[in-house]
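**Q** Quick one: this structure, given as structure tokens, is what I'll be asking you about.
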Amino acid sequence: MKKTTILLLLCCLPAGGFAQTTGWRRTEILRLEDRWREAQHRNDKAAFDQLLSPDLTFIGTSGSFRNKNGFIASRNNSSIPRANTYTYSELSVRFYGDTAIVTGREETTGTGVTFQGRFTHVWAKRLGKWLLVAIQRTDITP
């Protein structure tokens with residue numbers, strides 16, 4: 001009986017540890033997503049520099065393709081900082097090793113800047129730090 005109990009505990013420990021690790025990583029990514037959302041709403045270029053990978057690829061709703069510098073430069077014309085609100089919903093986080101894929105819905109409100117879309121964000125852990133390496137946005141037509 002004692003051997004069976006010990007074996008059962010040993011078998012269950014790795015699964016429990018994995019679930020805790022995945023839960024902690026999910027919380028970390030969701031916290032980064034919130035920082036990213038806030039940075040866009042405030043047009044915070046310092047935060048962009050901290051959160052975006054040097055080799056970022058961005059595909060906008062029009063199909064535009066930008067690297068990190070092009071993305072940051074394009075924010076001067078973005079409607080997101082002019083919006084009353086900028087929110088995320090329907091977030092899903094999946095992990096593949098040191099890569100996290102986040103999909104969700106985004107929405108802005110405000111006169112002349114109302115927008116709804118879906119996005120995919122790809123985060124990669126490099127040298128112990130999560131960086132946003134790819135962004136893709138798609139409009140939701142009303």
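Residue numbering restarts at 1 for every chain of the structure tokens, chains are lettered A, B, ... in their displayed order, and ligands are numbered from 1 as they appear.
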With a distance cut-off of 12 Å and only C-alpha atoms, select the neighbouring residues of Asn76 in chain A, excluding the residue or stretch itself and same-chain residues fewer than 5 positions from it, and output the selection as an NGL selection string.
**A** :A and (40-45 or 70-71 or 81-82)
**Q** Taking the DSSP assignment computed from this structure's backbone, write out as an NGL selection string all residues of chain A that belong to strand (DSSP E).
**A** :A and (52-59 or 65-66 or 85-96 or 99-109 or 115-126 or 129-139)
**Q** For the residues in the current selection, export C-alpha atoms as a short mmCIF file (atom, residue, chain, number, x, y, z; two decimals), in the first residue's frame.
**A**
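Below is the file that was written, again.cif:
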data_model
loop_
_atom_site.label_atom_id
_atom_site.label_comp_id
_atom_site.auth_asym_id
_atom_site.auth_seq_id
_atom_site.Cartn_x
_atom_site.Cartn_y
_atom_site.Cartn_z
CA LEU A 52 9.10 44.64 -29.40
CA SER A 53 11.79 42.36 -30.75
CA PRO A 54 14.42 43.98 -33.01
CA ASP A 55 13.27 41.61 -35.79
CA LEU A 56 9.53 42.30 -35.35
CA THR A 57 7.22 41.68 -38.30
CA PHE A 58 3.92 43.55 -38.34
CA ILE A 59 1.08 42.98 -40.81
CA PHE A 65 4.15 45.00 -43.76
CA ARG A 66 6.48 46.77 -41.33
CA THR A 85 -11.06 53.32 -25.05
CA TYR A 86 -8.91 50.52 -26.43
CA THR A 87 -9.82 47.07 -25.11
CA TYR A 88 -8.95 43.42 -25.64
CA SER A 89 -11.31 40.48 -25.20
CA GLU A 90 -11.60 36.79 -26.13
CA LEU A 91 -7.91 36.21 -25.38
CA SER A 92 -6.44 32.77 -25.95
CA VAL A 93 -2.84 31.87 -25.07
CA ARG A 94 -1.02 28.79 -26.37
CA PHE A 95 2.59 27.78 -25.74
CA TYR A 96 5.05 25.97 -27.98
CA THR A 99 6.98 30.73 -27.93
CA ALA A 100 3.53 31.99 -26.96
CA ILE A 101 0.76 32.66 -29.46
CA VAL A 102 -1.99 35.00 -28.34
CA THR A 103 -5.17 35.53 -30.32
CA GLY A 104 -7.91 37.92 -29.39
CA ARG A 105 -10.33 40.64 -30.27
CA GLU A 106 -9.58 44.37 -30.03
CA GLU A 107 -11.91 47.34 -30.05
CA THR A 108 -11.58 51.12 -29.96
CA THR A 109 -14.32 53.60 -29.22
CA PHE A 115 -12.74 49.95 -34.79
CA GLN A 116 -13.15 46.22 -34.17
CA GLY A 117 -10.59 43.64 -35.14
CA ARG A 118 -8.92 40.36 -34.37
CA PHE A 119 -5.22 39.89 -33.81
CA THR A 120 -2.48 37.33 -33.47
CA HIS A 121 0.56 38.18 -31.36
CA VAL A 122 3.60 35.92 -31.24
CA TRP A 123 5.86 36.25 -28.19
CA ALA A 124 9.28 34.55 -27.99
CA LYS A 125 11.39 34.16 -24.89
CA ARG A 126 14.94 35.30 -25.63
CA LYS A 129 12.82 37.94 -21.60
CA TRP A 130 9.54 37.72 -23.54
CA LEU A 131 9.51 39.89 -26.69
CA LEU A 132 6.77 40.44 -29.24
CA VAL A 133 8.15 39.08 -32.53
CA ALA A 134 5.09 39.12 -34.81
CA ILE A 135 1.77 40.98 -34.97
CA GLN A 136 -1.07 40.43 -37.43
CA ARG A 137 -4.35 42.37 -37.40
CA THR A 138 -7.60 41.80 -39.25
CA ASP A 139 -10.61 44.13 -39.40
#
**Q** Show me, as a list in words, the residues that have an atom within 6 Å of Gly110 in chain A when counting only C-alpha atoms, minus same-chain residues fewer than 3 positions from it.
**A** Ala83, Asn84, Val113 and Thr114 of chain A
**Q** By how many Å are CA of Gly128 in chain A and CA of Lys68 in chain A apart?
**A**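 Here the two named atoms are 20.4 Å from each other.
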**Q** Just to confirm, what's the straight-line distance from CA of Ala39 in chain A to CA of Thr141 in chain A in Å (one decimal)?
**A**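 Straight-line distance from CA of Ala39 in chain A to CA of Thr141 in chain A works out to 25.1 Å.
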**Q** Grab the CA of Arg26 in chain A to CA of Asp98 in chain A distance for me, in Å with one decimal place.
**A**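 Separation of CA of Arg26 in chain A and CA of Asp98 in chain A: 11.9 Å.
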**Q** Using only C-alpha atoms, can you tell me which of A:Pro142, A:Ala47, A:Gly112, A:Arg25 comes closest to Ile80 in chain A?
**A**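 Smallest distance to Ile80 in chain A is found for A:Gly112.
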**Q** DSSP says alpha helix (DSSP H) for which residues of chain A? Put them as number ranges by chain?
**A** A: 2-42, 45-51, 68-74
